[in-house]
Every structure is written in structure tokens, then in C-alpha cells.
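Visitor: File input.pdb follows (PDB, C-alpha atoms):
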ATOM      1  CA  GLU A   1      13.923  11.454   2.915  1.00  0.00           C
ATOM      2  CA  ASP A   2      11.946   8.770   4.742  1.00  0.00           C
ATOM      3  CA  GLN A   3      13.443   5.299   4.506  1.00  0.00           C
ATOM      4  CA  VAL A   4      11.911   1.953   5.387  1.00  0.00           C
ATOM      5  CA  THR A   5      13.906  -1.281   5.284  1.00  0.00           C
ATOM      6  CA  GLN A   6      12.381  -4.704   5.796  1.00  0.00           C
ATOM      7  CA  SER A   7      14.205  -7.915   6.582  1.00  0.00           C
ATOM      8  CA  PRO A   8      14.496 -10.652   5.692  1.00  0.00           C
ATOM      9  CA  GLU A   9      13.431 -10.349   2.044  1.00  0.00           C
ATOM     10  CA  ALA A  10      12.063 -13.887   2.169  1.00  0.00           C
ATOM     11  CA  LEU A  11      11.334 -16.318   4.984  1.00  0.00           C
ATOM     12  CA  ARG A  12      10.334 -19.955   4.846  1.00  0.00           C
ATOM     13  CA  LEU A  13       8.859 -21.520   7.972  1.00  0.00           C
ATOM     14  CA  GLN A  14       7.428 -24.863   8.859  1.00  0.00           C
ATOM     15  CA  GLU A  15       3.861 -24.816  10.105  1.00  0.00           C
ATOM     16  CA  GLY A  16       3.955 -24.006  13.825  1.00  0.00           C
ATOM     17  CA  GLU A  17       7.464 -22.496  13.695  1.00  0.00           C
ATOM     18  CA  SER A  18       7.236 -19.011  15.200  1.00  0.00           C
ATOM     19  CA  SER A  19       9.379 -16.132  13.913  1.00  0.00           C
ATOM     20  CA  SER A  20       9.613 -12.353  13.545  1.00  0.00           C
ATOM     21  CA  LEU A  21       9.785  -9.939  10.631  1.00  0.00           C
ATOM     22  CA  ASN A  22      11.687  -6.691  11.005  1.00  0.00           C
ATOM     23  CA  CYS A  23      10.939  -3.188   9.745  1.00  0.00           C
ATOM     24  CA  SER A  24      13.517  -0.493  10.471  1.00  0.00           C
ATOM     25  CA  TYR A  25      12.804   3.114   9.634  1.00  0.00           C
ATOM     26  CA  THR A  26      14.549   6.461   9.368  1.00  0.00           C
ATOM     27  CA  VAL A  27      12.081   9.325   9.354  1.00  0.00           C
ATOM     28  CA  SER A  28      11.576  12.795  10.758  1.00  0.00           C
ATOM     29  CA  GLY A  29       8.581  12.813  13.036  1.00  0.00           C
ATOM     30  CA  LEU A  30       6.876   9.436  12.839  1.00  0.00           C
ATOM     31  CA  ARG A  31       3.098   9.817  12.854  1.00  0.00           C
ATOM     32  CA  GLY A  32       2.221   6.179  12.270  1.00  0.00           C
ATOM     33  CA  LEU A  33       3.670   2.823  11.287  1.00  0.00           C
ATOM     34  CA  PHE A  34       1.430   0.473   9.336  1.00  0.00           C
ATOM     35  CA  TRP A  35       1.557  -3.251   8.618  1.00  0.00           C
ATOM     36  CA  TYR A  36      -0.208  -4.691   5.593  1.00  0.00           C
ATOM     37  CA  ARG A  37      -0.495  -8.182   4.179  1.00  0.00           C
ATOM     38  CA  GLN A  38      -0.473  -8.640   0.400  1.00  0.00           C
ATOM     39  CA  ASP A  39      -1.383 -11.801  -1.490  1.00  0.00           C
ATOM     40  CA  PRO A  40      -0.076 -12.195  -5.072  1.00  0.00           C
ATOM     41  CA  GLY A  41      -1.935  -9.932  -7.501  1.00  0.00           C
ATOM     42  CA  LYS A  42      -4.143  -8.489  -4.754  1.00  0.00           C
ATOM     43  CA  GLY A  43      -4.289  -5.177  -2.926  1.00  0.00           C
ATOM     44  CA  PRO A  44      -2.576  -4.691   0.445  1.00  0.00           C
ATOM     45  CA  GLU A  45      -4.815  -5.711   3.347  1.00  0.00           C
ATOM     46  CA  PHE A  46      -4.553  -3.576   6.480  1.00  0.00           C
ATOM     47  CA  LEU A  47      -3.335  -5.333   9.619  1.00  0.00           C
ATOM     48  CA  PHE A  48      -2.137  -2.832  12.259  1.00  0.00           C
ATOM     49  CA  THR A  49      -1.302   0.798  12.966  1.00  0.00           C
ATOM     50  CA  LEU A  50       1.226   1.700  15.678  1.00  0.00           C
ATOM     51  CA  TYR A  51       1.701   5.294  16.774  1.00  0.00           C
ATOM     52  CA  SER A  52       4.280   5.413  19.566  1.00  0.00           C
ATOM     53  CA  ALA A  53       7.252   3.479  20.907  1.00  0.00           C
ATOM     54  CA  GLY A  54       6.218   0.720  23.269  1.00  0.00           C
ATOM     55  CA  GLU A  55       2.866   0.180  21.608  1.00  0.00           C
ATOM     56  CA  GLU A  56       1.802  -3.392  20.805  1.00  0.00           C
ATOM     57  CA  LYS A  57      -1.175  -4.762  18.879  1.00  0.00           C
ATOM     58  CA  GLU A  58      -2.345  -8.334  18.353  1.00  0.00           C
ATOM     59  CA  LYS A  59      -4.612 -10.089  15.932  1.00  0.00           C
ATOM     60  CA  GLU A  60      -4.919 -13.878  15.912  1.00  0.00           C
ATOM     61  CA  ARG A  61      -1.393 -15.251  15.375  1.00  0.00           C
ATOM     62  CA  LEU A  62       0.147 -11.836  14.658  1.00  0.00           C
ATOM     63  CA  LYS A  63       1.591  -9.321  17.096  1.00  0.00           C
ATOM     64  CA  ALA A  64       3.146  -6.008  16.078  1.00  0.00           C
ATOM     65  CA  THR A  65       5.491  -3.987  18.283  1.00  0.00           C
ATOM     66  CA  LEU A  66       7.167  -0.605  17.852  1.00  0.00           C
ATOM     67  CA  THR A  67      10.381   0.971  19.130  1.00  0.00           C
ATOM     68  CA  LYS A  68      11.925   4.320  18.211  1.00  0.00           C
ATOM     69  CA  LYS A  69      13.841   2.770  15.330  1.00  0.00           C
ATOM     70  CA  GLU A  70      12.020  -0.370  14.255  1.00  0.00           C
ATOM     71  CA  SER A  71       8.929  -2.483  14.334  1.00  0.00           C
ATOM     72  CA  PHE A  72       8.560  -6.240  14.565  1.00  0.00           C
ATOM     73  CA  LEU A  73       5.770  -8.442  13.318  1.00  0.00           C
ATOM     74  CA  HIS A  74       5.791 -11.613  15.395  1.00  0.00           C
ATOM     75  CA  ILE A  75       4.060 -14.649  13.939  1.00  0.00           C
ATOM     76  CA  THR A  76       3.176 -17.340  16.466  1.00  0.00           C
ATOM     77  CA  ALA A  77       2.548 -20.908  15.310  1.00  0.00           C
ATOM     78  CA  PRO A  78       1.977 -19.875  11.678  1.00  0.00           C
ATOM     79  CA  LYS A  79      -0.277 -21.794   9.310  1.00  0.00           C
ATOM     80  CA  PRO A  80       0.071 -22.180   5.525  1.00  0.00           C
ATOM     81  CA  GLU A  81      -2.694 -19.580   5.055  1.00  0.00           C
ATOM     82  CA  ASP A  82      -0.374 -16.998   6.633  1.00  0.00           C
ATOM     83  CA  SER A  83       1.814 -17.214   3.526  1.00  0.00           C
ATOM     84  CA  ALA A  84       1.891 -13.764   1.914  1.00  0.00           C
ATOM     85  CA  THR A  85       4.077 -10.695   1.521  1.00  0.00           C
ATOM     86  CA  TYR A  86       4.044  -8.503   4.614  1.00  0.00           C
ATOM     87  CA  LEU A  87       4.537  -4.806   3.984  1.00  0.00           C
ATOM     88  CA  CYS A  88       5.565  -2.142   6.448  1.00  0.00           C
ATOM     89  CA  ALA A  89       4.838   1.546   5.780  1.00  0.00           C
ATOM     90  CA  VAL A  90       5.364   4.833   7.599  1.00  0.00           C
ATOM     91  CA  GLN A  91       3.635   8.171   7.617  1.00  0.00           C
ATOM     92  CA  ALA A  92       5.921  10.925   8.843  1.00  0.00           C
ATOM     93  CA  GLY A  93       6.375  14.674   9.079  1.00  0.00           C
ATOM     94  CA  SER A  94       3.763  16.575   7.098  1.00  0.00           C
ATOM     95  CA  ALA A  95       3.362  13.819   4.492  1.00  0.00           C
ATOM     96  CA  ARG A  96      -0.057  12.342   3.945  1.00  0.00           C
ATOM     97  CA  GLN A  97       1.153   9.426   1.847  1.00  0.00           C
ATOM     98  CA  LEU A  98       2.634   6.150   3.027  1.00  0.00           C
ATOM     99  CA  THR A  99       6.253   5.244   2.369  1.00  0.00           C
ATOM    100  CA  PHE A 100       6.538   1.485   1.990  1.00  0.00           C
ATOM    101  CA  GLY A 101       9.321  -0.976   2.541  1.00  0.00           C
ATOM    102  CA  SER A 102       9.995  -3.637  -0.058  1.00  0.00           C
ATOM    103  CA  GLY A 103       8.255  -6.338   1.977  1.00  0.00           C
ATOM    104  CA  THR A 104       9.020  -9.769   3.425  1.00  0.00           C
ATOM    105  CA  GLN A 105       7.728 -12.721   1.436  1.00  0.00           C
ATOM    106  CA  LEU A 106       6.632 -15.343   3.976  1.00  0.00           C
ATOM    107  CA  THR A 107       6.069 -18.963   3.009  1.00  0.00           C
ATOM    108  CA  VAL A 108       4.673 -21.369   5.597  1.00  0.00           C
ATOM    109  CA  LEU A 109       5.085 -25.013   4.656  1.00  0.00           C
ATOM    110  CA  PRO A 110       2.607 -27.655   5.876  1.00  0.00           C
TER     111      PRO A 110
ATOM    112  CA  ASP B   1     -13.051  -6.894   0.981  1.00  0.00           C
ATOM    113  CA  SER B   2     -11.849  -3.367   1.840  1.00  0.00           C
ATOM    114  CA  GLY B   3     -14.836  -1.614   0.279  1.00  0.00           C
ATOM    115  CA  VAL B   4     -12.630   0.181  -2.273  1.00  0.00           C
ATOM    116  CA  THR B   5     -13.446  -0.751  -5.859  1.00  0.00           C
ATOM    117  CA  GLN B   6     -11.273  -0.370  -8.935  1.00  0.00           C
ATOM    118  CA  THR B   7     -11.993  -0.927 -12.603  1.00  0.00           C
ATOM    119  CA  PRO B   8     -10.879  -2.452 -14.843  1.00  0.00           C
ATOM    120  CA  LYS B   9      -9.045  -5.365 -13.225  1.00  0.00           C
ATOM    121  CA  HIS B  10      -6.789  -5.842 -16.210  1.00  0.00           C
ATOM    122  CA  LEU B  11      -5.803  -3.573 -19.072  1.00  0.00           C
ATOM    123  CA  ILE B  12      -3.642  -4.420 -22.066  1.00  0.00           C
ATOM    124  CA  THR B  13      -2.679  -1.634 -24.420  1.00  0.00           C
ATOM    125  CA  ALA B  14       0.052  -0.480 -26.763  1.00  0.00           C
ATOM    126  CA  THR B  15       2.820   2.067 -26.370  1.00  0.00           C
ATOM    127  CA  GLY B  16       1.733   5.629 -27.047  1.00  0.00           C
ATOM    128  CA  GLN B  17      -1.865   4.991 -26.031  1.00  0.00           C
ATOM    129  CA  ARG B  18      -3.921   6.589 -23.242  1.00  0.00           C
ATOM    130  CA  VAL B  19      -5.901   4.770 -20.558  1.00  0.00           C
ATOM    131  CA  THR B  20      -8.148   5.723 -17.648  1.00  0.00           C
ATOM    132  CA  LEU B  21      -8.274   3.832 -14.372  1.00  0.00           C
ATOM    133  CA  ARG B  22     -11.232   4.282 -12.064  1.00  0.00           C
ATOM    134  CA  CYS B  23     -11.549   4.078  -8.281  1.00  0.00           C
ATOM    135  CA  SER B  24     -14.507   4.319  -5.922  1.00  0.00           C
ATOM    136  CA  PRO B  25     -13.557   4.890  -2.265  1.00  0.00           C
ATOM    137  CA  ARG B  26     -15.162   3.269   0.765  1.00  0.00           C
ATOM    138  CA  SER B  27     -18.458   4.781   1.781  1.00  0.00           C
ATOM    139  CA  GLY B  28     -17.766   7.886   3.869  1.00  0.00           C
ATOM    140  CA  ASP B  29     -14.114   8.240   2.883  1.00  0.00           C
ATOM    141  CA  LEU B  30     -13.122  11.605   1.455  1.00  0.00           C
ATOM    142  CA  SER B  31      -9.502  10.936   0.483  1.00  0.00           C
ATOM    143  CA  VAL B  32      -8.274   8.909  -2.452  1.00  0.00           C
ATOM    144  CA  TYR B  33      -4.626   7.983  -2.945  1.00  0.00           C
ATOM    145  CA  TRP B  34      -3.048   6.423  -6.041  1.00  0.00           C
ATOM    146  CA  TYR B  35      -0.023   4.131  -5.819  1.00  0.00           C
ATOM    147  CA  GLN B  36       2.011   2.286  -8.440  1.00  0.00           C
ATOM    148  CA  GLN B  37       3.564  -1.098  -7.723  1.00  0.00           C
ATOM    149  CA  SER B  38       6.229  -2.471 -10.020  1.00  0.00           C
ATOM    150  CA  LEU B  39       8.632  -5.349  -9.449  1.00  0.00           C
ATOM    151  CA  ASP B  40      11.715  -3.157  -9.176  1.00  0.00           C
ATOM    152  CA  GLN B  41      10.229  -0.139  -7.378  1.00  0.00           C
ATOM    153  CA  GLY B  42       7.784  -1.548  -4.869  1.00  0.00           C
ATOM    154  CA  LEU B  43       4.758   0.519  -3.862  1.00  0.00           C
ATOM    155  CA  GLN B  44       5.230   4.166  -4.812  1.00  0.00           C
ATOM    156  CA  PHE B  45       2.861   7.014  -3.995  1.00  0.00           C
ATOM    157  CA  LEU B  46       1.590   8.992  -6.971  1.00  0.00           C
ATOM    158  CA  ILE B  47      -1.046  11.490  -5.859  1.00  0.00           C
ATOM    159  CA  GLN B  48      -3.743  12.212  -3.253  1.00  0.00           C
ATOM    160  CA  TYR B  49      -7.117  13.925  -3.553  1.00  0.00           C
ATOM    161  CA  TYR B  50      -9.270  15.035  -0.649  1.00  0.00           C
ATOM    162  CA  ASN B  51     -12.887  15.995  -1.249  1.00  0.00           C
ATOM    163  CA  GLY B  52     -12.190  16.936  -4.842  1.00  0.00           C
ATOM    164  CA  GLU B  53      -8.953  18.835  -4.328  1.00  0.00           C
ATOM    165  CA  GLU B  54      -5.377  17.720  -4.900  1.00  0.00           C
ATOM    166  CA  ARG B  55      -3.616  17.477  -1.532  1.00  0.00           C
ATOM    167  CA  ALA B  56      -0.284  15.752  -2.115  1.00  0.00           C
ATOM    168  CA  LYS B  57       1.856  14.751  -5.039  1.00  0.00           C
ATOM    169  CA  GLY B  58       4.540  12.087  -5.170  1.00  0.00           C
ATOM    170  CA  ASN B  59       6.633  10.716  -7.998  1.00  0.00           C
ATOM    171  CA  ILE B  60       3.941  11.152 -10.604  1.00  0.00           C
ATOM    172  CA  LEU B  61       5.042  11.604 -14.188  1.00  0.00           C
ATOM    173  CA  GLU B  62       3.801  14.593 -16.199  1.00  0.00           C
ATOM    174  CA  ARG B  63       2.145  12.101 -18.567  1.00  0.00           C
ATOM    175  CA  PHE B  64      -0.080  11.011 -15.687  1.00  0.00           C
ATOM    176  CA  SER B  65      -2.947  13.010 -14.223  1.00  0.00           C
ATOM    177  CA  ALA B  66      -5.810  12.395 -11.842  1.00  0.00           C
ATOM    178  CA  GLN B  67      -8.996  13.961 -10.619  1.00  0.00           C
ATOM    179  CA  GLN B  68     -11.664  13.362  -8.015  1.00  0.00           C
ATOM    180  CA  PHE B  69     -15.281  13.977  -8.920  1.00  0.00           C
ATOM    181  CA  PRO B  70     -18.147  15.373  -6.784  1.00  0.00           C
ATOM    182  CA  ASP B  71     -19.353  11.830  -6.031  1.00  0.00           C
ATOM    183  CA  LEU B  72     -15.803  11.211  -4.702  1.00  0.00           C
ATOM    184  CA  HIS B  73     -14.795   8.611  -7.243  1.00  0.00           C
ATOM    185  CA  SER B  74     -11.397   9.211  -8.800  1.00  0.00           C
ATOM    186  CA  GLU B  75      -9.804   8.593 -12.161  1.00  0.00           C
ATOM    187  CA  LEU B  76      -6.124   8.216 -13.005  1.00  0.00           C
ATOM    188  CA  ASN B  77      -5.268   9.066 -16.588  1.00  0.00           C
ATOM    189  CA  LEU B  78      -2.095   7.653 -18.104  1.00  0.00           C
ATOM    190  CA  SER B  79      -1.049   8.949 -21.517  1.00  0.00           C
ATOM    191  CA  SER B  80       1.734   8.385 -24.049  1.00  0.00           C
ATOM    192  CA  LEU B  81       2.219   5.016 -22.416  1.00  0.00           C
ATOM    193  CA  GLU B  82       5.643   3.385 -22.356  1.00  0.00           C
ATOM    194  CA  LEU B  83       6.667  -0.202 -21.679  1.00  0.00           C
ATOM    195  CA  GLY B  84       7.938   0.849 -18.266  1.00  0.00           C
ATOM    196  CA  ASP B  85       4.474   1.969 -17.215  1.00  0.00           C
ATOM    197  CA  SER B  86       3.416  -1.667 -16.961  1.00  0.00           C
ATOM    198  CA  ALA B  87       2.587  -2.187 -13.286  1.00  0.00           C
ATOM    199  CA  LEU B  88      -0.159  -2.694 -10.749  1.00  0.00           C
ATOM    200  CA  TYR B  89      -1.991   0.526  -9.926  1.00  0.00           C
ATOM    201  CA  PHE B  90      -3.712   0.712  -6.567  1.00  0.00           C
ATOM    202  CA  CYS B  91      -6.167   3.143  -5.184  1.00  0.00           C
ATOM    203  CA  ALA B  92      -6.538   3.601  -1.436  1.00  0.00           C
ATOM    204  CA  SER B  93      -9.021   5.627   0.555  1.00  0.00           C
ATOM    205  CA  SER B  94      -9.230   7.113   4.029  1.00  0.00           C
ATOM    206  CA  VAL B  95     -11.770   9.046   6.026  1.00  0.00           C
ATOM    207  CA  GLY B  96      -9.855  12.299   6.288  1.00  0.00           C
ATOM    208  CA  SER B  97      -6.759  13.822   4.758  1.00  0.00           C
ATOM    209  CA  GLY B  98      -4.257  13.118   7.538  1.00  0.00           C
ATOM    210  CA  ASP B  99      -3.366  10.280   9.818  1.00  0.00           C
ATOM    211  CA  GLU B 100      -6.117   7.810   9.140  1.00  0.00           C
ATOM    212  CA  THR B 101      -5.579   4.258   7.964  1.00  0.00           C
ATOM    213  CA  GLN B 102      -5.560   3.859   4.200  1.00  0.00           C
ATOM    214  CA  TYR B 103      -7.574   0.954   2.801  1.00  0.00           C
ATOM    215  CA  PHE B 104      -6.508  -0.395  -0.564  1.00  0.00           C
ATOM    216  CA  GLY B 105      -8.522  -1.582  -3.519  1.00  0.00           C
ATOM    217  CA  PRO B 106      -7.844  -4.749  -5.539  1.00  0.00           C
ATOM    218  CA  GLY B 107      -5.799  -2.879  -8.141  1.00  0.00           C
ATOM    219  CA  THR B 108      -5.661  -2.568 -11.918  1.00  0.00           C
ATOM    220  CA  ARG B 109      -2.967  -4.532 -13.706  1.00  0.00           C
ATOM    221  CA  LEU B 110      -1.703  -2.556 -16.695  1.00  0.00           C
ATOM    222  CA  LEU B 111       0.330  -4.207 -19.404  1.00  0.00           C
ATOM    223  CA  VAL B 112       1.818  -1.999 -22.119  1.00  0.00           C
ATOM    224  CA  LEU B 113       2.993  -3.903 -25.198  1.00  0.00           C
TER     225      LEU B 113
END
The structure in this file should be written as C-alpha cells.
Guide:
Amino acid sequence: EDQVTQSPEALRLQEGESSSLNCSYTVSGLRGLFWYRQDPGKGPEFLFTLYSAGEEKEKERLKATLTKKESFLHITAPKPEDSATYLCAVQAGSARQLTFGSGTQLTVLP
Amino acid sequence: DSGVTQTPKHLITATGQRVTLRCSPRSGDLSVYWYQQSLDQGLQFLIQYYNGEERAKGNILERFSAQQFPDLHSELNLSSLELGDSALYFCASSVGSGDETQYFGPGTRLLVL
């Protein structure tokens, strides 16, 4: 069974204080690892897809990286508007659905 | 805005009742996925339809059913509702039936009293 574990569960940062969120996974045959951002009561918003170890993608203050066992979402100089829950999901084997982790709730204080 | 629409936004009903949730995928997308998000379970996959046919099934209860219509919109039917069915229900869509990115709608919040 595919497993996705995210850490930490919650993270509080001061504005401008860079940090990283972790997503470790145990799957058979990773086909894609996805990062989403979710605001309270809203639907997950797509951020990145990573397909193979060593791949990196960037968007504004966010950078996602992938190894054979985990992915990191690096947040550089975060702003209060980056506050949200960040979800990691995998698609593996013959499955078409996404298996999600429980998320990291990020709060950026002004 | 992902381009996926869901109605209604909120639904309040009583135990034992039946409700229907509706989803319209992004223009050009053929797959629709349904997910349930509750506080204790996180986001859980329920079922996928591709171009009108069921393609994958997750932890969907027998009381729940779905279908995708020729215009590609989908409906999720929840019957004999229980208190524990209270959750956010999300629809996602993708272009094909495989490895493409899934884009999520705004969700329907269901409260069963």
C-alpha cells in the first residue's frame, strides 16, 4: 500500500524566514509526485509535479525537489500570503488516483 | 480558479437522506475524480470516471455511487446518510486517464445532522 508522510504537521515562520517542508513516500513504481496548496475551506491548488529523482521545479518563492525516498518544498523568504496547508500526493504503480499525505499547515507571521 | 466547478457549495441535510453533488470538469478534460476530505482521514480517493466509464474505485461506500454523463459532467450520489459522512467532497479533473495533473474544484461541504 502506498504511504505518504509529511512533516512537520505545523510550521510557524516569521516573514522572510526560509524553511523546508518534507514529504517522504513508500510506493511501488512512482509515476509522479505532486504538491498542492490548500487554503481553509477551498480546493487544493496545483503547484508542481515531479517525475524522477533529481528533478527540481521553482515557482516564485517555492522550490520543489525529489529524491528516491522523499520530496522537499523549500520556501524562500516567505510572506504572510504563503500561509496555507501544503499537501503532497503520489501516483504510483497502475493507480490513477492520488494518495495524499496529511499536509503541513504553514503560518507565516508578519 | 482551476476551471472545475462544483455545486452546491454547501449542503445541510439529515441522517437517512439522499443528496446529489455535481461537478463540471475543465474544458477538454475527460476524467473526473471524486475525493472526500474529513478532519480525521485527510483527502481520500473515492472513484474515477473517464469519458463516461468507471476507471478506478477507491474507498467508496456501497451507499455512494457516481456517474459521468455524455457532456462529461459528473454526479456523486450519497444515500442513507450518516453523521460520519459529513465532510468536504472534491471533484478533480484531468485531460486523460493516466498520469496527468489533476485540477481540483472548490468542493461541496456536506453537513449531516
Visitor: Find the residues around Gly41 (chain A) up to 9 Å (only C-alpha atoms counted), leave out those fewer than 3 positions away in its own chain, and share them as a list in words.
Guide: Gln38 of chain A; Leu88, Pro106, Gly107 and Arg109 of chain B
Visitor: How many Å lie between CA of Tyr50 (chain B) and CA of Asp71 (chain B), rounded to one decimal?
Guide: 11.9 Å
Visitor: Quick one, how far is CA of Ala77 (chain A) from CA of Thr5 (chain A)?
Guide: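 Separation of CA of Ala77 (chain A) and CA of Thr5 (chain A): 24.8 Å.
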Visitor: Find the residue from B:Ala66, B:Leu81, B:Val95, B:Ile12 that sits nearest to Tyr35 (chain B); use all atoms listed in the file when measuring.
Guide: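 Answer, going by the shortest atom-to-atom distance: B:Ala66.
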Visitor: Mind running chain B against chain A at 12 Å and telling me each contacting residue's nearest atom pair with the distance in Å (one decimal), counting all atoms listed in the file, chain and number ascending, as CSV?
Guide:
residue,atom,partner,partner_atom,distance
B:Asp1,CA,A:Glu45,CA,8.7
B:Ser2,CA,A:Glu45,CA,7.6
B:Gly3,CA,A:Glu45,CA,11.3
B:Val4,CA,A:Gly43,CA,9.9
B:Thr5,CA,A:Gly43,CA,10.6
B:Gln6,CA,A:Gly43,CA,10.4
B:Lys9,CA,A:Gly41,CA,10.2
B:His10,CA,A:Gly41,CA,10.8
B:Ser31,CA,A:Arg96,CA,10.2
B:Val32,CA,A:Gln97,CA,10.4
B:Tyr33,CA,A:Gln97,CA,7.6
B:Trp34,CA,A:Gln97,CA,9.4
B:Tyr35,CA,A:Gln97,CA,9.4
B:Gln36,CA,A:Gly43,CA,11.2
B:Gln37,CA,A:Gly43,CA,10.1
B:Ser38,CA,A:Ser102,CA,10.7
B:Leu39,CA,A:Ser102,CA,9.6
B:Asp40,CA,A:Ser102,CA,9.3
B:Gln41,CA,A:Ser102,CA,8.1
B:Gly42,CA,A:Ser102,CA,5.7
B:Leu43,CA,A:Phe100,CA,6.2
B:Gln44,CA,A:Thr99,CA,7.3
B:Phe45,CA,A:Gln97,CA,6.5
B:Leu46,CA,A:Gln97,CA,8.8
B:Ile47,CA,A:Gln97,CA,8.3
B:Gln48,CA,A:Gln97,CA,7.6
B:Tyr49,CA,A:Arg96,CA,10.4
B:Tyr50,CA,A:Arg96,CA,10.6
B:Glu54,CA,A:Arg96,CA,11.6
B:Arg55,CA,A:Arg96,CA,8.3
B:Ala56,CA,A:Arg96,CA,7.0
B:Lys57,CA,A:Gln97,CA,8.7
B:Gly58,CA,A:Gln97,CA,8.2
B:Asn59,CA,A:Gln97,CA,11.3
B:Ala87,CA,A:Gly41,CA,10.7
B:Leu88,CA,A:Gly41,CA,8.1
B:Tyr89,CA,A:Gly43,CA,9.3
B:Phe90,CA,A:Gly43,CA,6.9
B:Cys91,CA,A:Gly43,CA,8.8
B:Ala92,CA,A:Gly43,CA,9.2
B:Ser93,CA,A:Gln97,CA,10.9
B:Ser94,CA,A:Arg96,CA,10.6
B:Gly96,CA,A:Arg96,CA,10.1
B:Ser97,CA,A:Arg96,CA,6.9
B:Gly98,CA,A:Arg96,CA,5.6
B:Asp99,CA,A:Arg96,CA,7.0
B:Glu100,CA,A:Gly32,CA,9.1
B:Thr101,CA,A:Thr49,CA,7.4
B:Gln102,CA,A:Phe46,CA,7.8
B:Tyr103,CA,A:Phe46,CA,6.6
B:Phe104,CA,A:Gly43,CA,5.8
B:Gly105,CA,A:Gly43,CA,5.6
B:Pro106,CA,A:Gly43,CA,4.4
B:Gly107,CA,A:Gly43,CA,5.9
B:Thr108,CA,A:Gly41,CA,9.4
B:Arg109,CA,A:Gly41,CA,8.3
B:Leu110,CA,A:Gly41,CA,11.8
Visitor: Would you save the residues from that selection as a PDB file, keeping the file's coordinate frame, using C-alpha atoms?
Guide:
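Result saved to selection.pdb:
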ATOM      1  CA  ASP B   1     -13.051  -6.894   0.981  1.00  0.00           C
ATOM      2  CA  SER B   2     -11.849  -3.367   1.840  1.00  0.00           C
ATOM      3  CA  GLY B   3     -14.836  -1.614   0.279  1.00  0.00           C
ATOM      4  CA  VAL B   4     -12.630   0.181  -2.273  1.00  0.00           C
ATOM      5  CA  THR B   5     -13.446  -0.751  -5.859  1.00  0.00           C
ATOM      6  CA  GLN B   6     -11.273  -0.370  -8.935  1.00  0.00           C
ATOM      7  CA  LYS B   9      -9.045  -5.365 -13.225  1.00  0.00           C
ATOM      8  CA  HIS B  10      -6.789  -5.842 -16.210  1.00  0.00           C
ATOM      9  CA  SER B  31      -9.502  10.936   0.483  1.00  0.00           C
ATOM     10  CA  VAL B  32      -8.274   8.909  -2.452  1.00  0.00           C
ATOM     11  CA  TYR B  33      -4.626   7.983  -2.945  1.00  0.00           C
ATOM     12  CA  TRP B  34      -3.048   6.423  -6.041  1.00  0.00           C
ATOM     13  CA  TYR B  35      -0.023   4.131  -5.819  1.00  0.00           C
ATOM     14  CA  GLN B  36       2.011   2.286  -8.440  1.00  0.00           C
ATOM     15  CA  GLN B  37       3.564  -1.098  -7.723  1.00  0.00           C
ATOM     16  CA  SER B  38       6.229  -2.471 -10.020  1.00  0.00           C
ATOM     17  CA  LEU B  39       8.632  -5.349  -9.449  1.00  0.00           C
ATOM     18  CA  ASP B  40      11.715  -3.157  -9.176  1.00  0.00           C
ATOM     19  CA  GLN B  41      10.229  -0.139  -7.378  1.00  0.00           C
ATOM     20  CA  GLY B  42       7.784  -1.548  -4.869  1.00  0.00           C
ATOM     21  CA  LEU B  43       4.758   0.519  -3.862  1.00  0.00           C
ATOM     22  CA  GLN B  44       5.230   4.166  -4.812  1.00  0.00           C
ATOM     23  CA  PHE B  45       2.861   7.014  -3.995  1.00  0.00           C
ATOM     24  CA  LEU B  46       1.590   8.992  -6.971  1.00  0.00           C
ATOM     25  CA  ILE B  47      -1.046  11.490  -5.859  1.00  0.00           C
ATOM     26  CA  GLN B  48      -3.743  12.212  -3.253  1.00  0.00           C
ATOM     27  CA  TYR B  49      -7.117  13.925  -3.553  1.00  0.00           C
ATOM     28  CA  TYR B  50      -9.270  15.035  -0.649  1.00  0.00           C
ATOM     29  CA  GLU B  54      -5.377  17.720  -4.900  1.00  0.00           C
ATOM     30  CA  ARG B  55      -3.616  17.477  -1.532  1.00  0.00           C
ATOM     31  CA  ALA B  56      -0.284  15.752  -2.115  1.00  0.00           C
ATOM     32  CA  LYS B  57       1.856  14.751  -5.039  1.00  0.00           C
ATOM     33  CA  GLY B  58       4.540  12.087  -5.170  1.00  0.00           C
ATOM     34  CA  ASN B  59       6.633  10.716  -7.998  1.00  0.00           C
ATOM     35  CA  ALA B  87       2.587  -2.187 -13.286  1.00  0.00           C
ATOM     36  CA  LEU B  88      -0.159  -2.694 -10.749  1.00  0.00           C
ATOM     37  CA  TYR B  89      -1.991   0.526  -9.926  1.00  0.00           C
ATOM     38  CA  PHE B  90      -3.712   0.712  -6.567  1.00  0.00           C
ATOM     39  CA  CYS B  91      -6.167   3.143  -5.184  1.00  0.00           C
ATOM     40  CA  ALA B  92      -6.538   3.601  -1.436  1.00  0.00           C
ATOM     41  CA  SER B  93      -9.021   5.627   0.555  1.00  0.00           C
ATOM     42  CA  SER B  94      -9.230   7.113   4.029  1.00  0.00           C
ATOM     43  CA  GLY B  96      -9.855  12.299   6.288  1.00  0.00           C
ATOM     44  CA  SER B  97      -6.759  13.822   4.758  1.00  0.00           C
ATOM     45  CA  GLY B  98      -4.257  13.118   7.538  1.00  0.00           C
ATOM     46  CA  ASP B  99      -3.366  10.280   9.818  1.00  0.00           C
ATOM     47  CA  GLU B 100      -6.117   7.810   9.140  1.00  0.00           C
ATOM     48  CA  THR B 101      -5.579   4.258   7.964  1.00  0.00           C
ATOM     49  CA  GLN B 102      -5.560   3.859   4.200  1.00  0.00           C
ATOM     50  CA  TYR B 103      -7.574   0.954   2.801  1.00  0.00           C
ATOM     51  CA  PHE B 104      -6.508  -0.395  -0.564  1.00  0.00           C
ATOM     52  CA  GLY B 105      -8.522  -1.582  -3.519  1.00  0.00           C
ATOM     53  CA  PRO B 106      -7.844  -4.749  -5.539  1.00  0.00           C
ATOM     54  CA  GLY B 107      -5.799  -2.879  -8.141  1.00  0.00           C
ATOM     55  CA  THR B 108      -5.661  -2.568 -11.918  1.00  0.00           C
ATOM     56  CA  ARG B 109      -2.967  -4.532 -13.706  1.00  0.00           C
ATOM     57  CA  LEU B 110      -1.703  -2.556 -16.695  1.00  0.00           C
TER      58      LEU B 110
END
Visitor: Mind giving me the axis-aligned box for region 103-106 of chain A with 4 Å on every side, centre plus edges in Å to one decimal, as AutoDock Vina command-line options?
Guide:
--center_x 7.8 --center_y -10.8 --center_z 2.7 --size_x 10.4 --size_y 17.0 --size_z 10.5
Visitor: Do you know which residues are at most 8 Å from region 15-27 of chain A counting all atoms listed in the file, after dropping those on the same chain fewer than 3 positions away, and could you put them as a PyMOL selection string?
Guide: chain A and resi 1-8+30+69-80+88+90+92-93+101+104+108-110
Visitor: Using all atoms listed in the file for the distances, tell me which of B:Leu113, B:Thr7, B:Glu62, B:Ala14 is nearest to Ser74 (chain B).
Guide: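 Ranked by minimum distance to Ser74 (chain B), first place goes to B:Thr7.
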Visitor: Which distance in Å separates CA of Thr20 (chain B) and CA of Thr85 (chain A), to one decimal?
Guide: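 Between these atoms lies a distance of 28.0 Å.
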Visitor: Measuring atom to atom with only C-alpha atoms, identify which of A:Tyr86, A:Trp35, A:Pro40, A:Ser28 is nearest to Glu58 (chain A).
Guide: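 Selected residue with least distance to Glu58 (chain A): A:Trp35.
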